[in-house]
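Chemist: One structure follows; several queries about it will come next.
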Amino acid sequence: MRLIPPRLEKWFSTLLDRVVPLLCCSFLRPNIVSGTGCFFHIAAGILLFRGYFFPAGVLILLGGILDLLDGKLARLTRRDTAYGAVFDATMDRAGELAMYLGIGGYFVVHRMVPGLIVTALATAGSFMVSYVRARAESYNIPCGIGVLRRPDRILLIGLGALTNALSLPIQKPVLALMPIISVPHRLLPVPLIIALLIIAVLAPVTVAQRLRHVRRWQSLLLP
C-alpha cells in the first residue's frame, strides 16, 4: 500500500529518466544536486515561517524533484559512493527538519497551539520512519517500503502549502467578519494542518510496516 499510486510514480520516474542524461552532460554532480535540494527546503522553511505559503510550496516540490534526481544521476554517472549516499541522507534530514521548524515557528508566532502539536507529531513520526530504514539498511536489509515514504511526505507538505495559499482569498472575507462575530482574528492554515495530520497518523503506520518487514526478512535469513 502506497500513498502515491504506483502507476503515477512509475510515470514520473520514467519522465525523470529522460532528464538525467541531460544533466550528465553538464557540470552538475550528484552531491551538488543533493545540496541544492536541501537549500531549496531550507529556503522553504524560512518562507513558511514568514507565512509565504505559495513560494514555499513551489520550493518544496522542486527540492523533492532534485532529491529524486540525485540518486539517478549518481547511478548513471557511476558516482554512487558510500559518501554520496550518506551525504544525500544528511541533506534529506536537514532539509526536512528545516521545513518542520519553519511550520512550527509560524504556529508559535501566531499562537496556534493545535497546529504546533500536529507539527511536532509529524516531525517525530517522519524521523522515526527514516531512522528505522537507516538501521535496517545498516544490516543490509532493504527497507524503502511503507505507506508514507519521504517522497510522500514532501508531496503532502508541498501541496498543503500551495493549497493553503490558494485558500487565502476564501479566508480573507471570513477574517473581515471576525470583529462582528467576536472571534479571534486568526485562522488555522487548514490545508497545511491536514497534510501534517496525515503525516502524523501514517508515519507510525509506516514504522510498524518497516519493523514487520525487517522481522520477516530476518526470519528468511535464519537457518
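Chain labels follow the order of the C-alpha cells: the first chain is A, the next B, and so on; residue numbering restarts at 1 in every chain, and ligands are counted from 1 in their shown order.
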Which residues of region 113-172 of chain A come within 12 Å of region 32-49 of chain A, and for each one, what is the closest pair of atoms and their distance in Å to one decimal, counting only C-alpha atoms, sorted by chain and residue number, as JSON lines?

Modeler:
{"residue": "A:Ile154", "atom": "CA", "partner": "A:His41", "partner_atom": "CA", "distance": 9.7}
{"residue": "A:Ile157", "atom": "CA", "partner": "A:Ala44", "partner_atom": "CA", "distance": 10.6}
{"residue": "A:Gly158", "atom": "CA", "partner": "A:Ala44", "partner_atom": "CA", "distance": 9.5}
{"residue": "A:Gly160", "atom": "CA", "partner": "A:Leu48", "partner_atom": "CA", "distance": 11.2}
{"residue": "A:Ala161", "atom": "CA", "partner": "A:Leu48", "partner_atom": "CA", "distance": 8.1}
{"residue": "A:Leu162", "atom": "CA", "partner": "A:Leu48", "partner_atom": "CA", "distance": 10.9}
{"residue": "A:Asn164", "atom": "CA", "partner": "A:Leu48", "partner_atom": "CA", "distance": 11.0}
{"residue": "A:Ala165", "atom": "CA", "partner": "A:Leu48", "partner_atom": "CA", "distance": 10.8}

Chemist: Got time to write the residues from that selection, N, CA and C atoms, as a CSV table (one decimal), in the first residue's frame?

Modeler:
chain,number,residue,atom,x,y,z
A,154,ILE,N,7.1,14.8,1.3
A,154,ILE,CA,7.4,16.0,0.6
A,154,ILE,C,6.2,16.5,-0.2
A,157,ILE,N,3.4,18.0,2.1
A,157,ILE,CA,3.7,19.3,2.7
A,157,ILE,C,3.7,20.3,1.6
A,158,GLY,N,4.3,20.0,0.4
A,158,GLY,CA,4.3,20.9,-0.7
A,158,GLY,C,2.9,21.3,-1.2
A,160,GLY,N,0.2,20.9,0.6
A,160,GLY,CA,-0.5,21.6,1.7
A,160,GLY,C,-0.2,23.1,1.7
A,161,ALA,N,1.1,23.4,1.4
A,161,ALA,CA,1.4,24.8,1.4
A,161,ALA,C,0.8,25.5,0.2
A,162,LEU,N,0.8,24.9,-1.0
A,162,LEU,CA,0.3,25.5,-2.2
A,162,LEU,C,-1.2,25.7,-2.0
A,164,ASN,N,-2.9,25.9,0.7
A,164,ASN,CA,-3.2,26.9,1.7
A,164,ASN,C,-3.1,28.3,1.2
A,165,ALA,N,-2.1,28.5,0.3
A,165,ALA,CA,-2.0,29.8,-0.4
A,165,ALA,C,-3.2,30.1,-1.2

Chemist: Within 9 Å of Ser130 (chain A), counting only C-alpha atoms, which residues show up once you throw out same-chain ones fewer than 4 positions away? Write them as a JSON list (two decimals) with C-alpha atoms, in the first residue's frame, please.

Modeler:
[["chain", "number", "residue", "atom", "x", "y", "z"],
["A", 93, "ARG", "CA", 17.16, 15.10, 7.02],
["A", 125, "GLY", "CA", 6.94, 10.38, 13.04],
["A", 126, "SER", "CA", 8.89, 11.37, 9.93],
["A", 134, "ALA", "CA", 18.67, 3.59, 8.23],
["A", 135, "ARG", "CA", 19.04, 0.97, 10.95],
["A", 149, "ARG", "CA", 7.93, 7.34, 2.38],
["A", 150, "ARG", "CA", 9.93, 10.55, 2.06],
["A", 207, "VAL", "CA", 7.20, 2.47, 11.15]]

Chemist: Identify, on the basis of only C-alpha atoms, every residue whose closest approach to Leu68 (chain A) does not exceed 9 Å; exclude the query and any residue fewer than 6 positions from it along the same chain; express the result as a list in words.

Modeler: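 Residues meeting the cut-off are Ser13, Leu16 and Pro151 of chain A.
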
Chemist: Please write the residues from the selection above to a file, keeping N, CA and C atoms, as a PDB file, in the first residue's frame.

Modeler:
ATOM      1  N   SER A  13       8.793   8.619 -12.664  1.00  0.00           N
ATOM      2  CA  SER A  13      10.164   8.111 -12.666  1.00  0.00           C
ATOM      3  C   SER A  13      10.692   7.984 -14.091  1.00  0.00           C
ATOM      4  N   LEU A  16      11.639  11.402 -15.335  1.00  0.00           N
ATOM      5  CA  LEU A  16      12.922  11.858 -14.791  1.00  0.00           C
ATOM      6  C   LEU A  16      14.087  11.138 -15.462  1.00  0.00           C
ATOM      7  N   PRO A 151       9.236  10.751  -0.324  1.00  0.00           N
ATOM      8  CA  PRO A 151       8.554  11.481  -1.409  1.00  0.00           C
ATOM      9  C   PRO A 151       7.093  11.787  -1.091  1.00  0.00           C
TER      10      PRO A 151
END

Chemist: Go ahead and compute the interatomic distance for CA of Val113 (chain A) and CA of Tyr100 (chain A), in Å to one decimal.

Modeler: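 Value for the CA of Val113 (chain A)-CA of Tyr100 (chain A) distance: 14.7 Å.
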
Chemist: Give me, as a list in words, all polymer residues having an atom no more than 10 Å from Arg133 (chain A), counting only C-alpha atoms and skipping those fewer than 6 positions away in the same chain.

Modeler: Phe127, Ile141, Pro142, Cys143, Gly144, Ile145, Val207, Arg210, Leu211 and Val214 of chain A

Chemist: Could you write out that same residue set with N, CA and C atoms as a tab-separated table (two decimals), in the first residue's frame?

Modeler:
chain	number	residue	atom	x	y	z
A	127	PHE	N	10.88	11.37	11.31
A	127	PHE	CA	12.25	10.97	11.62
A	127	PHE	C	12.32	9.54	12.12
A	141	ILE	N	19.52	-4.86	5.05
A	141	ILE	CA	18.12	-5.22	4.81
A	141	ILE	C	17.45	-4.05	4.09
A	142	PRO	N	17.08	-4.21	2.83
A	142	PRO	CA	16.40	-3.11	2.12
A	142	PRO	C	15.07	-2.79	2.79
A	143	CYS	N	14.84	-1.49	3.01
A	143	CYS	CA	13.66	-1.13	3.81
A	143	CYS	C	13.01	0.16	3.30
A	144	GLY	N	12.93	0.32	2.00
A	144	GLY	CA	12.29	1.52	1.45
A	144	GLY	C	10.81	1.34	1.20
A	145	ILE	N	10.15	0.59	2.07
A	145	ILE	CA	8.73	0.30	1.87
A	145	ILE	C	7.88	1.18	2.77
A	207	VAL	N	6.20	3.05	10.25
A	207	VAL	CA	7.20	2.47	11.15
A	207	VAL	C	6.86	1.01	11.45
A	210	ARG	N	7.57	-1.21	8.46
A	210	ARG	CA	9.00	-1.45	8.24
A	210	ARG	C	9.56	-2.41	9.28
A	211	LEU	N	9.11	-2.29	10.52
A	211	LEU	CA	9.56	-3.22	11.55
A	211	LEU	C	9.10	-4.64	11.22
A	214	VAL	N	11.31	-5.97	8.46
A	214	VAL	CA	12.63	-6.39	8.94
A	214	VAL	C	12.53	-7.74	9.65

Chemist: Name all residues at most 10 Å from Ile193 (chain A) (count only C-alpha atoms; drop same-chain ones fewer than 2 positions away) and give them as a PyMOL selection string.

Modeler: chain A and resi 103+114-116+118-119+157+160-161+164+188-191+195-199

Chemist: The selected residues should be written to file as a tab-separated table (two decimals), in the first residue's frame (atoms: C-alpha atoms).

Modeler:
chain	number	residue	atom	x	y	z
A	103	ILE	CA	5.99	25.49	10.04
A	114	PRO	CA	-3.20	22.78	17.69
A	115	GLY	CA	-1.03	23.34	14.63
A	116	LEU	CA	2.13	23.22	16.73
A	118	VAL	CA	0.35	18.33	14.95
A	119	THR	CA	3.66	19.61	13.56
A	157	ILE	CA	3.73	19.30	2.67
A	160	GLY	CA	-0.51	21.58	1.65
A	161	ALA	CA	1.43	24.83	1.39
A	164	ASN	CA	-3.21	26.90	1.74
A	188	LEU	CA	-5.53	27.93	11.13
A	189	PRO	CA	-3.90	27.21	7.77
A	190	VAL	CA	-6.27	24.28	7.34
A	191	PRO	CA	-4.82	22.60	4.18
A	195	ALA	CA	-1.26	17.49	5.35
A	196	LEU	CA	0.62	17.40	8.66
A	197	LEU	CA	-2.18	15.43	10.30
A	198	ILE	CA	-1.97	12.79	7.55
A	199	ILE	CA	1.77	12.53	8.16

Chemist: Which of these, A:Ile194, A:Ala124, A:Met91, A:Leu156, has the shortest distance to Leu66 (chain A) once you count only C-alpha atoms?

Modeler: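 Selected residue with least distance to Leu66 (chain A): A:Met91.
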
Chemist: Mind giving me the straight-line distance from CA of Ala203 (chain A) to CA of Thr123 (chain A) in Å, one decimal?

Modeler: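 For CA of Ala203 (chain A) relative to CA of Thr123 (chain A), the distance reads 9.3 Å.
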
Chemist: Compare A:Leu155, A:Leu166, A:Thr206, A:Arg75 by their minimum atom-to-atom distance to Tyr52 (chain A), counting only C-alpha atoms, and give me the closest one.

Modeler: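 Of A:Leu155, A:Leu166, A:Thr206, A:Arg75, the one nearest Tyr52 (chain A), counting only C-alpha atoms, is A:Leu166.
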
Chemist: Skipping near chain neighbours, those fewer than 2 positions away, what residues fall within 9 Å of Gly71 (chain A) using only C-alpha atoms, listed as a ChimeraX atom specification?

Modeler: /A:30,34,67-69,73-76,80,85,88

Chemist: Go ahead and write the selection's residues with N, CA and C atoms as a PDB file, in the first residue's frame.

Modeler:
ATOM      1  N   PRO A  30      26.146  14.600  -8.443  1.00  0.00           N
ATOM      2  CA  PRO A  30      25.054  14.197  -7.552  1.00  0.00           C
ATOM      3  C   PRO A  30      25.023  14.957  -6.235  1.00  0.00           C
ATOM      4  N   SER A  34      22.038  17.167  -4.560  1.00  0.00           N
ATOM      5  CA  SER A  34      21.533  16.915  -3.201  1.00  0.00           C
ATOM      6  C   SER A  34      21.583  18.181  -2.362  1.00  0.00           C
ATOM      7  N   ASP A  67      15.692  15.722  -5.180  1.00  0.00           N
ATOM      8  CA  ASP A  67      16.005  14.589  -4.318  1.00  0.00           C
ATOM      9  C   ASP A  67      15.851  13.268  -5.065  1.00  0.00           C
ATOM     10  N   LEU A  68      14.941  13.233  -6.013  1.00  0.00           N
ATOM     11  CA  LEU A  68      14.768  12.028  -6.832  1.00  0.00           C
ATOM     12  C   LEU A  68      15.822  11.938  -7.934  1.00  0.00           C
ATOM     13  N   LEU A  69      16.277  13.092  -8.390  1.00  0.00           N
ATOM     14  CA  LEU A  69      17.235  13.122  -9.491  1.00  0.00           C
ATOM     15  C   LEU A  69      18.649  12.737  -9.063  1.00  0.00           C
ATOM     16  N   LEU A  73      21.154  10.266 -11.066  1.00  0.00           N
ATOM     17  CA  LEU A  73      22.365  10.836 -11.656  1.00  0.00           C
ATOM     18  C   LEU A  73      23.607  10.105 -11.156  1.00  0.00           C
ATOM     19  N   ALA A  74      23.624   9.766  -9.863  1.00  0.00           N
ATOM     20  CA  ALA A  74      24.776   9.063  -9.291  1.00  0.00           C
ATOM     21  C   ALA A  74      24.957   7.688  -9.935  1.00  0.00           C
ATOM     22  N   ARG A  75      23.845   6.984 -10.129  1.00  0.00           N
ATOM     23  CA  ARG A  75      23.941   5.648 -10.719  1.00  0.00           C
ATOM     24  C   ARG A  75      24.350   5.719 -12.189  1.00  0.00           C
ATOM     25  N   LEU A  76      23.840   6.697 -12.907  1.00  0.00           N
ATOM     26  CA  LEU A  76      24.139   6.789 -14.335  1.00  0.00           C
ATOM     27  C   LEU A  76      25.587   7.199 -14.579  1.00  0.00           C
ATOM     28  N   ASP A  80      27.870   6.567  -7.447  1.00  0.00           N
ATOM     29  CA  ASP A  80      27.081   6.174  -6.291  1.00  0.00           C
ATOM     30  C   ASP A  80      27.991   5.573  -5.222  1.00  0.00           C
ATOM     31  N   ALA A  85      25.968   8.543  -0.613  1.00  0.00           N
ATOM     32  CA  ALA A  85      24.720   8.080  -0.004  1.00  0.00           C
ATOM     33  C   ALA A  85      24.502   8.717   1.365  1.00  0.00           C
ATOM     34  N   ASP A  88      23.738  12.448   0.890  1.00  0.00           N
ATOM     35  CA  ASP A  88      22.357  12.612   0.426  1.00  0.00           C
ATOM     36  C   ASP A  88      21.377  12.452   1.577  1.00  0.00           C
TER      37      ASP A  88
END

Chemist: May I ask which of the residues A:Cys24, A:Leu148, A:Leu59, A:Ile65 is the closest one to Val129 (chain A), counting only C-alpha atoms?

Modeler: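 The answer is A:Leu148, which sits nearest to Val129 (chain A).
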
Chemist: Between A:Leu121, A:Ala56, A:Met128, A:Leu28, which is the closest to Thr163 (chain A) once you count only C-alpha atoms?

Modeler: A:Ala56

Chemist: Calculated over only C-alpha atoms, which of the candidates A:Ala122, A:Ala136, A:Leu192, A:Arg216 has the smallest distance to Pro204 (chain A)?

Modeler: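 Nearest to Pro204 (chain A): A:Ala122.
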
Chemist: To one decimal place in Å, what is the distance between CA of Arg215 (chain A) and CA of Asn140 (chain A)?

Modeler: 13.2 Å
